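Colleague: Next comes final06.cif, mmCIF, C-alpha atoms and all ligand atoms:
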data_model
#
loop_
_atom_site.label_atom_id
_atom_site.label_comp_id
_atom_site.auth_asym_id
_atom_site.auth_seq_id
_atom_site.Cartn_x
_atom_site.Cartn_y
_atom_site.Cartn_z
CA MET A 1 -4.83 -30.70 25.40
CA MET A 2 -6.33 -31.72 28.73
CA GLY A 3 -3.37 -30.43 30.76
CA ASN A 4 -3.61 -27.00 29.21
CA GLN A 5 -7.33 -26.79 29.71
CA ALA A 6 -6.80 -27.67 33.34
CA GLY A 7 -4.55 -24.60 33.50
CA GLY A 8 -7.59 -22.42 32.94
CA ARG A 9 -7.77 -19.25 30.90
CA PHE A 10 -4.19 -18.32 31.74
CA GLY A 11 -2.75 -21.71 30.85
CA PRO A 12 0.73 -22.26 29.39
CA ASN A 13 -0.69 -21.92 25.85
CA LEU A 14 -1.76 -18.37 26.44
CA TRP A 15 1.52 -17.41 28.09
CA ARG A 16 3.44 -18.96 25.20
CA ARG A 17 1.38 -16.96 22.71
CA LEU A 18 1.73 -13.78 24.73
CA ARG A 19 5.49 -14.25 24.94
CA ALA A 20 5.69 -14.89 21.18
CA ALA A 21 3.62 -11.79 20.50
CA LEU A 22 5.85 -9.66 22.74
CA ILE A 23 9.01 -10.96 21.07
CA ALA A 24 7.49 -10.30 17.61
CA LEU A 25 6.57 -6.79 18.71
CA ALA A 26 10.08 -6.11 20.02
CA VAL A 27 11.64 -7.39 16.78
CA ALA A 28 9.24 -5.24 14.73
CA PHE A 29 10.20 -2.14 16.72
CA ALA A 30 13.90 -2.95 16.37
CA LEU A 31 13.54 -3.40 12.59
CA ALA A 32 11.48 -0.23 12.26
CA ALA A 33 14.22 1.69 14.05
CA CYS A 34 16.85 0.76 11.45
CA ALA A 35 14.57 0.83 8.40
CA ASP A 36 15.85 4.25 7.41
CA GLU A 37 18.62 6.44 8.75
CA HIS A 38 16.42 9.45 8.13
CA PRO A 39 12.94 8.52 9.28
CA LEU A 40 9.99 10.90 9.34
CA ASP A 41 10.96 12.17 12.75
CA THR A 42 9.13 15.16 14.20
CA LEU A 43 10.91 15.00 17.56
CA THR A 44 14.49 15.73 16.46
CA GLU A 45 14.16 19.12 14.84
CA ALA A 46 16.85 20.18 12.36
CA GLY A 47 15.84 23.75 11.58
CA PRO A 48 14.41 26.89 13.23
CA ASP A 49 10.84 26.24 12.04
CA ALA A 50 10.74 22.69 13.37
CA GLN A 51 12.34 24.08 16.56
CA GLU A 52 9.52 26.61 16.85
CA ILE A 53 6.96 23.80 16.56
CA ASN A 54 8.67 21.63 19.18
CA ASP A 55 9.07 24.59 21.55
CA LEU A 56 5.28 24.72 21.52
CA PHE A 57 4.64 20.98 21.33
CA PHE A 58 6.67 19.75 24.31
CA PRO A 59 5.28 22.17 26.95
CA VAL A 60 1.72 21.48 25.74
CA LEU A 61 2.43 17.75 25.83
CA GLY A 62 3.67 18.16 29.43
CA VAL A 63 0.46 19.92 30.47
CA ALA A 64 -1.61 17.30 28.62
CA ILE A 65 0.17 14.47 30.47
CA ILE A 66 -0.51 16.10 33.86
CA VAL A 67 -4.19 16.62 32.98
CA PHE A 68 -4.42 13.03 31.70
CA PHE A 69 -3.16 11.54 34.96
CA LEU A 70 -5.31 13.84 37.11
CA VAL A 71 -8.49 12.95 35.20
CA GLN A 72 -7.72 9.23 34.87
CA GLY A 73 -6.64 9.10 38.54
CA ALA A 74 -9.92 10.70 39.63
CA ILE A 75 -11.95 8.31 37.47
CA ILE A 76 -10.16 5.22 38.82
CA TYR A 77 -10.36 6.47 42.42
CA LEU A 78 -14.09 7.20 42.19
CA ALA A 79 -14.82 3.94 40.39
CA VAL A 80 -13.09 1.94 43.10
CA ARG A 81 -14.27 4.01 46.06
CA TYR A 82 -17.93 3.99 45.07
CA ARG A 83 -18.25 0.64 43.36
CA ALA A 84 -21.33 -1.49 44.09
CA ARG A 85 -20.68 -4.12 46.78
CA ARG A 86 -22.26 -7.40 47.72
CA ARG A 87 -24.87 -6.98 50.41
CA ALA A 88 -23.17 -9.36 52.85
CA ALA A 89 -19.80 -7.60 52.62
CA ALA A 90 -21.40 -4.19 52.76
CA THR A 91 -23.53 -4.90 55.78
CA ALA A 92 -20.64 -6.63 57.53
CA ALA A 93 -18.38 -3.63 56.98
CA HIS A 94 -21.07 -1.25 58.12
CA SER A 95 -22.75 -3.31 60.81
CA ASP A 96 -23.73 -0.09 62.54
CA ASP A 97 -25.32 1.15 59.36
CA ALA A 98 -28.65 -0.62 59.37
CA ASP A 99 -29.94 0.66 56.07
CA GLY A 100 -26.65 -0.24 54.23
CA ASP A 101 -25.84 3.09 52.57
CA ASP A 102 -23.05 1.54 50.52
CA TYR A 103 -25.23 -1.07 48.93
CA TYR A 104 -27.74 -0.37 46.23
CA GLY A 105 -29.87 -3.06 44.68
CA ASP A 106 -30.98 -3.13 41.07
CA ASP A 107 -33.98 -0.93 41.80
CA GLU A 108 -32.26 1.48 44.17
CA TYR A 109 -30.27 4.61 43.44
CA PRO A 110 -27.69 6.48 45.46
CA GLU A 111 -28.58 9.83 46.85
CA GLN A 112 -29.05 12.11 43.80
CA VAL A 113 -26.87 15.23 43.86
CA HIS A 114 -27.67 18.22 41.69
CA GLY A 115 -24.69 20.38 41.08
CA ASN A 116 -21.74 21.57 43.11
CA LEU A 117 -21.09 25.22 42.32
CA ARG A 118 -17.50 25.30 43.51
CA LEU A 119 -16.48 22.15 41.61
CA GLU A 120 -18.25 23.21 38.44
CA LEU A 121 -16.67 26.65 38.50
CA ALA A 122 -13.26 25.05 39.06
CA TRP A 123 -13.50 22.59 36.17
CA THR A 124 -14.75 25.32 33.87
CA ILE A 125 -12.30 28.06 34.78
CA ILE A 126 -9.11 25.99 35.00
CA PRO A 127 -9.41 24.46 31.49
CA THR A 128 -10.45 27.85 30.10
CA ILE A 129 -7.31 29.46 31.45
CA LEU A 130 -5.19 26.53 30.24
CA LEU A 131 -6.62 26.65 26.71
CA ALA A 132 -6.39 30.44 26.56
CA VAL A 133 -2.69 30.31 27.47
CA ILE A 134 -2.05 27.54 24.93
CA SER A 135 -3.92 29.41 22.20
CA VAL A 136 -1.87 32.58 22.76
CA PHE A 137 1.39 30.66 22.36
CA THR A 138 -0.07 28.77 19.37
CA LEU A 139 -0.99 32.02 17.61
CA ILE A 140 2.48 33.44 18.27
CA SER A 141 4.02 30.28 16.76
CA LEU A 142 1.71 30.40 13.72
CA VAL A 143 2.71 34.00 13.01
CA ASP A 144 6.41 33.14 13.43
CA LEU A 145 6.14 30.11 11.14
CA ASN A 146 4.66 32.20 8.33
CA GLU A 147 7.27 34.94 8.63
CA VAL A 148 9.46 35.28 5.54
CA SER A 149 12.85 36.72 6.43
CA ALA A 150 14.38 36.00 3.02
CA ALA A 151 14.86 39.01 0.75
CA GLU A 152 12.61 39.54 -2.29
CA ASP A 153 15.35 38.53 -4.71
CA ASP A 154 16.53 35.48 -2.75
CA LEU A 155 15.90 31.95 -3.99
CA ARG A 156 12.27 30.85 -4.06
CA VAL A 157 11.02 27.40 -4.98
CA THR A 158 7.64 26.51 -6.42
CA VAL A 159 6.67 23.06 -5.17
CA VAL A 160 4.25 21.16 -7.41
CA GLY A 161 2.66 18.03 -5.99
CA GLN A 162 1.15 15.50 -8.37
CA GLN A 163 0.27 11.83 -8.45
CA TRP A 164 2.72 10.59 -7.15
CA TRP A 165 5.87 12.67 -6.95
CA TRP A 166 7.09 16.18 -6.21
CA GLU A 167 8.43 18.72 -8.67
CA PHE A 168 10.66 21.62 -7.56
CA GLN A 169 10.89 24.73 -9.73
CA TYR A 170 13.74 27.03 -8.74
CA HIS A 171 13.46 30.78 -9.14
CA LEU A 172 16.97 31.96 -8.39
CA ASP A 173 15.94 35.64 -8.51
CA GLY A 174 12.94 35.05 -6.25
CA ASP A 175 10.43 35.98 -8.99
CA THR A 176 7.92 33.14 -9.17
CA SER A 177 5.85 34.84 -11.88
CA THR A 178 8.50 34.08 -14.51
CA PRO A 179 9.49 30.62 -15.81
CA PRO A 180 11.80 28.77 -13.43
CA ASP A 181 15.57 28.53 -13.90
CA ILE A 182 15.83 24.92 -12.76
CA VAL A 183 13.24 22.17 -12.64
CA THR A 184 13.96 19.00 -10.75
CA ALA A 185 12.06 16.22 -8.99
CA ASN A 186 11.93 14.37 -5.70
CA GLU A 187 15.00 16.01 -4.13
CA LEU A 188 14.72 19.59 -2.93
CA VAL A 189 18.36 20.66 -2.94
CA MET A 190 18.87 23.75 -0.82
CA PRO A 191 21.56 25.79 0.92
CA VAL A 192 22.17 25.36 4.67
CA ARG A 193 21.26 28.07 7.21
CA GLN A 194 19.26 30.00 4.63
CA GLN A 195 15.52 30.38 4.68
CA VAL A 196 14.01 29.07 1.45
CA PRO A 197 10.52 30.44 0.80
CA LEU A 198 8.28 27.91 -0.96
CA GLU A 199 5.12 28.30 -3.00
CA ILE A 200 3.22 25.07 -2.79
CA THR A 201 0.64 23.99 -5.35
CA SER A 202 -0.66 20.87 -7.13
CA ARG A 203 -1.37 19.74 -10.69
CA ASP A 204 -4.19 17.36 -9.84
CA VAL A 205 -5.60 16.56 -6.41
CA ILE A 206 -4.79 17.79 -2.91
CA HIS A 207 -1.44 16.67 -1.54
CA SER A 208 0.43 17.83 1.54
CA PHE A 209 4.09 18.80 1.68
CA TRP A 210 5.88 17.63 4.81
CA ILE A 211 9.55 17.39 5.73
CA PRO A 212 9.06 16.87 9.45
CA ARG A 213 12.59 17.62 10.68
CA LEU A 214 12.47 21.03 8.97
CA ASN A 215 8.90 22.29 9.30
CA GLY A 216 5.26 21.28 9.64
CA LYS A 217 2.83 20.31 6.87
CA LYS A 218 1.38 22.53 4.17
CA ASP A 219 -1.35 21.41 1.78
CA ALA A 220 -0.72 21.46 -1.96
CA VAL A 221 -4.04 22.45 -3.51
CA PRO A 222 -4.72 22.65 -7.28
CA GLY A 223 -5.45 26.19 -8.44
CA ARG A 224 -4.01 27.73 -5.29
CA THR A 225 -0.56 28.65 -4.06
CA HIS A 226 0.30 28.30 -0.39
CA PRO A 227 3.36 30.12 0.92
CA TRP A 228 5.63 28.21 3.26
CA VAL A 229 9.25 28.39 4.38
CA ILE A 230 11.91 25.81 5.07
CA GLU A 231 15.36 26.07 6.62
CA ALA A 232 17.97 23.63 7.90
CA ASP A 233 20.71 24.16 10.50
CA GLU A 234 22.97 21.37 9.23
CA PRO A 235 23.79 19.86 5.84
CA GLY A 236 22.22 16.45 5.28
CA ARG A 237 19.29 14.53 3.82
CA TYR A 238 15.87 15.04 5.38
CA MET A 239 13.08 12.71 4.39
CA GLY A 240 9.65 14.03 3.44
CA GLN A 241 6.31 12.47 2.59
CA CYS A 242 2.98 13.48 1.11
CA THR A 243 0.57 13.54 4.06
CA GLU A 244 -2.77 14.08 2.36
CA PHE A 245 -4.37 10.95 0.94
CA CYS A 246 -4.13 11.41 -2.84
CA GLY A 247 -4.99 8.04 -4.36
CA LEU A 248 -3.28 4.78 -5.22
CA SER A 249 0.36 5.57 -4.45
CA HIS A 250 -0.09 8.21 -1.77
CA ALA A 251 2.16 6.21 0.56
CA TYR A 252 4.86 6.17 -2.15
CA MET A 253 4.94 9.92 -2.67
CA ARG A 254 8.14 10.72 -0.83
CA MET A 255 10.91 13.27 -1.21
CA TYR A 256 14.14 14.44 0.35
CA ALA A 257 15.42 17.85 1.25
CA VAL A 258 19.13 17.71 0.43
CA VAL A 259 20.91 20.46 2.34
CA LEU A 260 24.34 21.58 1.11
CA GLU A 261 27.02 24.03 2.30
CA PRO A 262 26.82 27.33 0.36
CA ALA A 263 29.83 26.55 -1.87
CA GLU A 264 28.43 23.12 -2.80
CA TRP A 265 24.99 24.62 -3.30
CA ASN A 266 26.42 27.13 -5.80
CA GLN A 267 28.22 24.31 -7.56
CA TRP A 268 24.95 22.36 -7.78
CA VAL A 269 23.10 25.38 -9.21
CA GLN A 270 25.76 25.99 -11.86
CA ALA A 271 25.64 22.33 -12.92
CA GLN A 272 21.83 22.28 -13.05
CA LEU A 273 21.69 25.40 -15.23
CA VAL A 274 23.58 23.67 -18.02
CA ASP A 275 21.45 22.03 -20.72
CA ALA A 276 22.23 18.51 -21.86
CA ALA A 277 24.18 18.35 -25.10
CA PRO A 278 22.51 16.27 -27.81
CA LEU A 279 24.71 13.25 -28.49
CA ALA A 280 26.03 12.53 -31.96
CA PRO A 281 26.17 9.06 -33.58
CA GLY A 282 29.09 7.11 -32.17
CA GLU A 283 29.14 8.92 -28.81
CA PRO A 284 28.48 6.75 -25.75
CA GLY A 285 24.77 6.87 -24.97
CA TYR A 286 23.71 7.87 -28.49
CA GLU A 287 21.57 4.72 -29.05
CA GLY A 288 19.92 5.30 -25.71
CA GLN A 289 19.19 8.90 -26.62
CA GLU A 290 17.35 7.63 -29.71
CA VAL A 291 15.32 5.20 -27.58
CA PHE A 292 14.61 8.07 -25.18
CA LEU A 293 13.41 10.39 -27.96
CA ALA A 294 11.19 7.68 -29.44
CA ASN A 295 9.62 6.47 -26.17
CA CYS A 296 10.12 8.86 -23.26
CA ALA A 297 10.27 12.37 -24.68
CA ASN A 298 6.49 12.67 -24.95
CA CYS A 299 6.39 13.16 -21.21
CA HIS A 300 9.95 13.72 -19.95
CA VAL A 301 12.00 16.80 -20.77
CA VAL A 302 15.75 16.78 -21.19
CA ASN A 303 16.65 20.43 -21.65
CA GLY A 304 18.52 20.91 -24.90
CA VAL A 305 17.51 17.49 -26.24
CA SER A 306 13.73 17.18 -26.15
CA ASP A 307 11.23 19.99 -26.32
CA VAL A 308 7.70 19.22 -25.34
CA ASN A 309 4.72 20.79 -27.03
CA LEU A 310 2.07 20.80 -24.34
CA ASP A 311 -0.68 20.41 -26.99
CA ASP A 312 0.83 17.14 -28.15
CA LEU A 313 0.57 15.38 -24.81
CA PRO A 314 -1.55 12.19 -24.73
CA ASP A 315 -5.15 12.47 -23.57
CA GLY A 316 -5.41 13.17 -19.89
CA MET A 317 -1.91 14.54 -19.65
CA GLY A 318 -2.96 17.68 -21.56
CA ASP A 319 -5.46 18.56 -18.83
CA TYR A 320 -2.85 17.72 -16.32
CA ALA A 321 -0.47 20.25 -17.83
CA GLY A 322 -3.18 22.87 -18.31
CA ALA A 323 -3.85 22.82 -14.58
CA ASN A 324 -0.34 24.04 -13.94
CA ALA A 325 -0.15 27.79 -13.60
CA ILE A 326 3.47 27.86 -14.63
CA THR A 327 4.33 26.04 -17.82
CA SER A 328 7.53 26.41 -19.70
CA ALA A 329 9.81 24.43 -21.90
CA LEU A 330 11.37 23.01 -18.71
CA VAL A 331 8.12 21.50 -17.48
CA SER A 332 6.47 18.74 -19.44
CA GLY A 333 3.44 18.87 -17.23
CA ALA A 334 3.36 15.15 -16.74
CA ALA A 335 6.69 13.66 -15.76
CA PRO A 336 9.93 14.56 -14.00
CA ASN A 337 12.46 16.68 -15.90
CA LEU A 338 15.37 14.32 -16.54
CA THR A 339 18.06 16.80 -17.63
CA HIS A 340 20.19 15.95 -14.57
CA VAL A 341 18.52 12.76 -13.43
CA ALA A 342 21.84 11.01 -12.70
CA SER A 343 22.75 13.76 -10.22
CA ARG A 344 19.82 12.70 -8.02
CA THR A 345 19.96 9.81 -5.57
CA THR A 346 16.39 8.53 -5.78
CA PHE A 347 13.67 8.10 -8.38
CA ALA A 348 9.95 7.32 -8.71
CA GLY A 349 8.81 9.61 -5.90
CA SER A 350 12.01 8.81 -3.92
CA ILE A 351 10.85 5.22 -3.50
CA PHE A 352 13.93 3.69 -5.10
CA ASP A 353 17.59 4.51 -4.59
CA LEU A 354 19.26 5.39 -7.87
CA TYR A 355 22.61 4.16 -6.52
CA GLU A 356 23.47 0.96 -4.69
CA ASP A 357 25.63 2.50 -2.01
CA ARG A 358 23.53 4.32 0.48
CA ALA A 359 23.79 7.63 -1.26
CA GLU A 360 24.53 9.65 1.86
CA ARG A 361 27.93 8.00 2.28
CA ILE A 362 29.06 9.76 -0.90
CA PRO A 363 29.04 13.58 -1.08
CA TYR A 364 25.86 14.50 -2.94
CA LEU A 365 27.66 16.23 -5.80
CA GLU A 366 29.86 13.19 -6.46
CA VAL A 367 27.19 10.53 -6.44
CA ALA A 368 26.78 10.39 -10.25
CA GLU A 369 30.51 9.86 -10.61
CA ARG A 370 31.21 7.49 -7.71
CA GLY A 371 27.91 5.80 -7.00
CA GLU A 372 27.18 2.31 -8.25
CA LEU A 373 23.96 2.42 -10.26
CA ASN A 374 20.97 0.53 -8.85
CA ARG A 375 20.48 -1.07 -12.25
CA GLY A 376 17.96 -3.68 -11.14
CA ASP A 377 15.33 -1.29 -9.84
CA LEU A 378 15.91 1.24 -12.60
CA GLU A 379 15.47 -1.31 -15.39
CA ALA A 380 12.44 -2.85 -13.71
CA TRP A 381 10.94 0.63 -13.41
CA ILE A 382 11.50 1.48 -17.09
CA ARG A 383 10.14 -1.89 -18.23
CA ASN A 384 6.98 -1.88 -16.13
CA ALA A 385 6.54 1.06 -13.79
CA PRO A 386 2.93 0.23 -12.78
CA GLU A 387 4.20 -3.11 -11.48
CA GLN A 388 6.80 -1.37 -9.28
CA LYS A 389 4.46 1.31 -7.93
CA ALA A 390 0.70 1.37 -8.35
CA ASN A 391 -0.42 4.09 -10.76
CA ASP A 392 -2.85 4.83 -13.57
CA PRO A 393 -0.98 5.63 -16.79
CA ASP A 394 -4.16 5.45 -18.90
CA GLY A 395 -5.58 8.26 -16.81
CA GLY A 396 -2.38 10.27 -17.21
CA ARG A 397 -1.27 9.50 -13.67
CA GLY A 398 2.14 7.94 -13.50
CA MET A 399 4.49 6.22 -15.89
CA THR A 400 3.27 3.63 -18.36
CA ALA A 401 4.83 0.20 -19.02
CA PHE A 402 7.07 -0.38 -22.04
CA PRO A 403 6.63 -4.07 -22.84
CA GLY A 404 7.88 -3.42 -26.39
CA LEU A 405 11.39 -2.40 -25.37
CA THR A 406 14.05 -5.09 -25.87
CA ASP A 407 16.72 -5.80 -23.22
CA GLY A 408 19.24 -4.12 -25.50
CA GLU A 409 17.11 -0.97 -25.77
CA ILE A 410 16.66 -0.79 -22.01
CA ASP A 411 20.41 -1.19 -21.48
CA ALA A 412 21.00 1.60 -23.98
CA LEU A 413 18.41 3.81 -22.28
CA VAL A 414 20.00 3.26 -18.86
CA GLU A 415 23.40 4.10 -20.30
CA TYR A 416 21.94 7.32 -21.71
CA LEU A 417 20.34 8.26 -18.39
CA THR A 418 23.70 7.88 -16.62
CA THR A 419 25.12 10.56 -18.95
CA LEU A 420 22.53 13.05 -17.64
CA ARG A 421 24.51 14.35 -14.68
CU1 LIG B 501 0.19 13.07 -2.66
CU2 LIG B 501 -0.68 11.84 -0.83
#
Taking this structure as input, can you express it in the form of structure tokens?

Modeller:
Amino acid sequence: MMGNQAGGRFGPNLWRRLRAALIALAVAFALAACADEHPLDTLTEAGPDAQEINDLFFPVLGVAIIVFFLVQGAIIYLAVRYRARRRAAATAAHSDDADGDDYYGDDEYPEQVHGNLRLELAWTIIPTILLAVISVFTLISLVDLNEVSAAEDDLRVTVVGQQWWWEFQYHLDGDTSTPPDIVTANELVMPVRQQVPLEITSRDVIHSFWIPRLNGKKDAVPGRTHPWVIEADEPGRYMGQCTEFCGLSHAYMRMYAVVLEPAEWNQWVQAQLVDAAPLAPGEPGYEGQEVFLANCANCHVVNGVSDVNLDDLPDGMGDYAGANAITSALVSGAAPNLTHVASRTTFAGSIFDLYEDRAERIPYLEVAERGELNRGDLEAWIRNAPEQKANDPDGGRGMTAFPGLTDGEIDALVEYLTTLR
């Protein structure tokens, strides 16, 4: 409109848009803040390793901020102080300066200076000292972070990244060369105030293991095992995320560290060590078990109910399994072990809550009993997983769709899964 144009470039239109943008930005920040009670937060450490990292990070950040303002201040000062001026203003200001030192035309140059020994020595030596000091503290931190204080026969966990979820293989006696005692997915359940050494690897491409409130990142590389440690000061749920781009659903490759008091941790271990009992006709969940055996058991293991022959896996998944250094009856090589799936609080790479109530309001060990099942997401996932989370089932990466299952069969399957506590 004419009126607005008369207002020039900073007319009411622009202000209105700017105000709208600022409000939108504020709302977005507010929403982001309450999106998750356990965000990927590197600044509020919850364990000695994350503490070690922040004890290095914050002082270095402080130095970096000081350097930033010194350098930017100098640049702004020099740019203003020595800016080109109009001839009239320059000659007026320096009327005694006949040749107008402050003014340079298009073809003129200021006096050319070649080097200032003192300045150059200063801006070489000061950063060198700064970086040397930082590197010493960085090396000390790196050594500390890789220190394993746990005993040889303490718990060790092999972490296997794959497209697009995390598998955790528990070696209760600390011997990772033997088959694991417990295999679970997505939730790394661990005791509080105890260092848990990890051995991180991958079945397919490079991933990166990261639970920021507990420790830094460690790459999961196929064919290699990277040692790492993790420890938490307080019980709770700590969110983690794959941080190496690994294909379609990289962003949906999450996990949780679930930290329990020692007594609860022991209770969890004892429960996880128990195989599922095959159900007999007439028992609740029996029909679902049949659907499971006919449709799901090719990829998913339920200890005591389905045994997987690694040679029988569909094309693609066989290679997948072969890439895993540790195979056993507990590991299908392609899909999460479901023996105690109902004891977990999330599924599908921790993208969906398994229970309606925010799981952390219920003690972790009671969630299967007291939680209200998130039936909608679970059924949608079983019916058509690729629609819920991008994957590539034909290439052996992620769960396939089951368009052939009837509503009744899916209900039965869900009922069966809830018996796997
Ligand atoms: Cu796995 Cu990104």

Colleague: Taking all atoms listed in the file into account, report as a ChimeraX atom specification which residues have an atom no farther than 12 Å from an atom of ligand LIG 501 (chain B).

Modeller: /A:160-167,201-210,217-222,240-255,349,397

Colleague: For each of A:Thr158, A:Gln195, A:Ser177, A:Gln267, take the minimum atom-to-atom distance to Pro48 (chain A), counting all atoms listed in the file, then give the residue where this is smallest.

Modeller: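 For Pro48 (chain A), the nearest of the candidates is A:Gln195.
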
Colleague: Pick out the residues sitting within 12 Å of Cys296 (chain A), and hand them over as a compact mmCIF listing (two decimals) with C-alpha atoms, keeping the file's coordinate frame; count only C-alpha atoms, and ignore anything fewer than 3 positions along from it in its own chain.

Modeller:
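After the write, around_17.txt holds the following:
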# COMPACT_ATOMS: atom_id res chain seq x y z
CA GLY A 288 19.92 5.30 -25.71
CA GLN A 289 19.19 8.90 -26.62
CA GLU A 290 17.35 7.63 -29.71
CA VAL A 291 15.32 5.20 -27.58
CA PHE A 292 14.61 8.07 -25.18
CA LEU A 293 13.41 10.39 -27.96
CA CYS A 299 6.39 13.16 -21.21
CA HIS A 300 9.95 13.72 -19.95
CA VAL A 301 12.00 16.80 -20.77
CA VAL A 302 15.75 16.78 -21.19
CA VAL A 305 17.51 17.49 -26.24
CA SER A 306 13.73 17.18 -26.15
CA ASP A 307 11.23 19.99 -26.32
CA VAL A 308 7.70 19.22 -25.34
CA LEU A 313 0.57 15.38 -24.81
CA SER A 332 6.47 18.74 -19.44
CA ALA A 334 3.36 15.15 -16.74
CA ALA A 335 6.69 13.66 -15.76
CA PRO A 336 9.93 14.56 -14.00
CA ASN A 337 12.46 16.68 -15.90
CA LEU A 338 15.37 14.32 -16.54
CA ILE A 382 11.50 1.48 -17.09
CA ARG A 383 10.14 -1.89 -18.23
CA MET A 399 4.49 6.22 -15.89
CA THR A 400 3.27 3.63 -18.36
CA ALA A 401 4.83 0.20 -19.02
CA PHE A 402 7.07 -0.38 -22.04
CA LEU A 405 11.39 -2.40 -25.37
CA ILE A 410 16.66 -0.79 -22.01
CA LEU A 413 18.41 3.81 -22.28
CA LEU A 417 20.34 8.26 -18.39

Colleague: To one decimal place in Å, what is the distance between CA of Gly371 (chain A) and CA of Thr345 (chain A)?

Modeller: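 Taking CA of Gly371 (chain A) as the start and CA of Thr345 (chain A) as the end point, the length is 9.0 Å.
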
Colleague: My list of candidates is A:Pro284, A:Ile351, A:Trp228, A:Asp55. Which is closest to Ile134 (chain A) when distances are computed with only C-alpha atoms?

Modeller: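 Selected residue with least distance to Ile134 (chain A): A:Asp55.
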
Colleague: Using all atoms listed in the file, what does the table of region 216-236 of chain A residues within 10 Å of region 142-156 of chain A look like, with each row giving the shortest atom pair and its distance in Å to one decimal, sorted by chain and ascending number, as a tab-separated table?

Modeller:
residue	atom	partner	partner_atom	distance
A:Gly216	CA	A:Leu145	CA	9.0
A:Pro227	CA	A:Asn146	CA	7.8
A:Trp228	CA	A:Asn146	CA	6.5
A:Val229	CA	A:Val148	CA	7.0
A:Ile230	CA	A:Leu145	CA	9.4

Colleague: Work out how far apart CA of Asp175 (chain A) and CA of Val157 (chain A) are and give it in Å to one decimal.

Modeller: 9.5 Å

Colleague: Pick the closest to Gly404 (chain A) from A:Leu188, A:Glu369, A:Asn295, A:Val159: which is it, counting only C-alpha atoms?

Modeller: A:Asn295

Colleague: At what distance in Å, to one decimal, does CA of Leu198 (chain A) lie from CA of Gly398 (chain A)?

Modeller: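 Between these atoms lies a distance of 24.4 Å.
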
Colleague: Between A:Ala342, A:Leu78, A:Ala232, A:Ala263, which has the minimum distance to Glu45 (chain A) (counting all atoms listed in the file)?

Modeller: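 With all atoms listed in the file as the atom set, the closest residue is A:Ala232.
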
Colleague: Set the distance at 7 Å and use only C-alpha atoms: which residues neighbour Arg237 (chain A) once local chain neighbours fewer than 2 positions away are removed? I'd like the list as an MDAnalysis selection string.

Modeller: chainID A and resid 239 256:259

Colleague: Write out as a list in words the residues lying within 8 Å of Arg421 (chain A), counting only C-alpha atoms and excluding same-chain residues fewer than 4 positions away.

Modeller: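 After dropping sequence-adjacent residues, the list is Thr339, His340, Val341, Ala342, Ser343 and Ala368 of chain A.
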
Colleague: Using all atoms listed in the file, which of A:Thr44, A:Phe58, A:Ile140, A:Val274 sits nearest Val183 (chain A)?

Modeller: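 Among the listed residues, the smallest separation from Val183 (chain A) belongs to A:Val274.
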
Colleague: Work out where the centre of an axis-aligned box around every listed atom of region 258-266 of chain A lies and how long its edges are once 6 Å is added on each side; give both in Å to one decimal as lines of an AutoDock Vina configuration file.

Modeller:
center_x = 24.5
center_y = 22.5
center_z = -1.7
size_x = 22.7
size_y = 21.6
size_z = 20.1
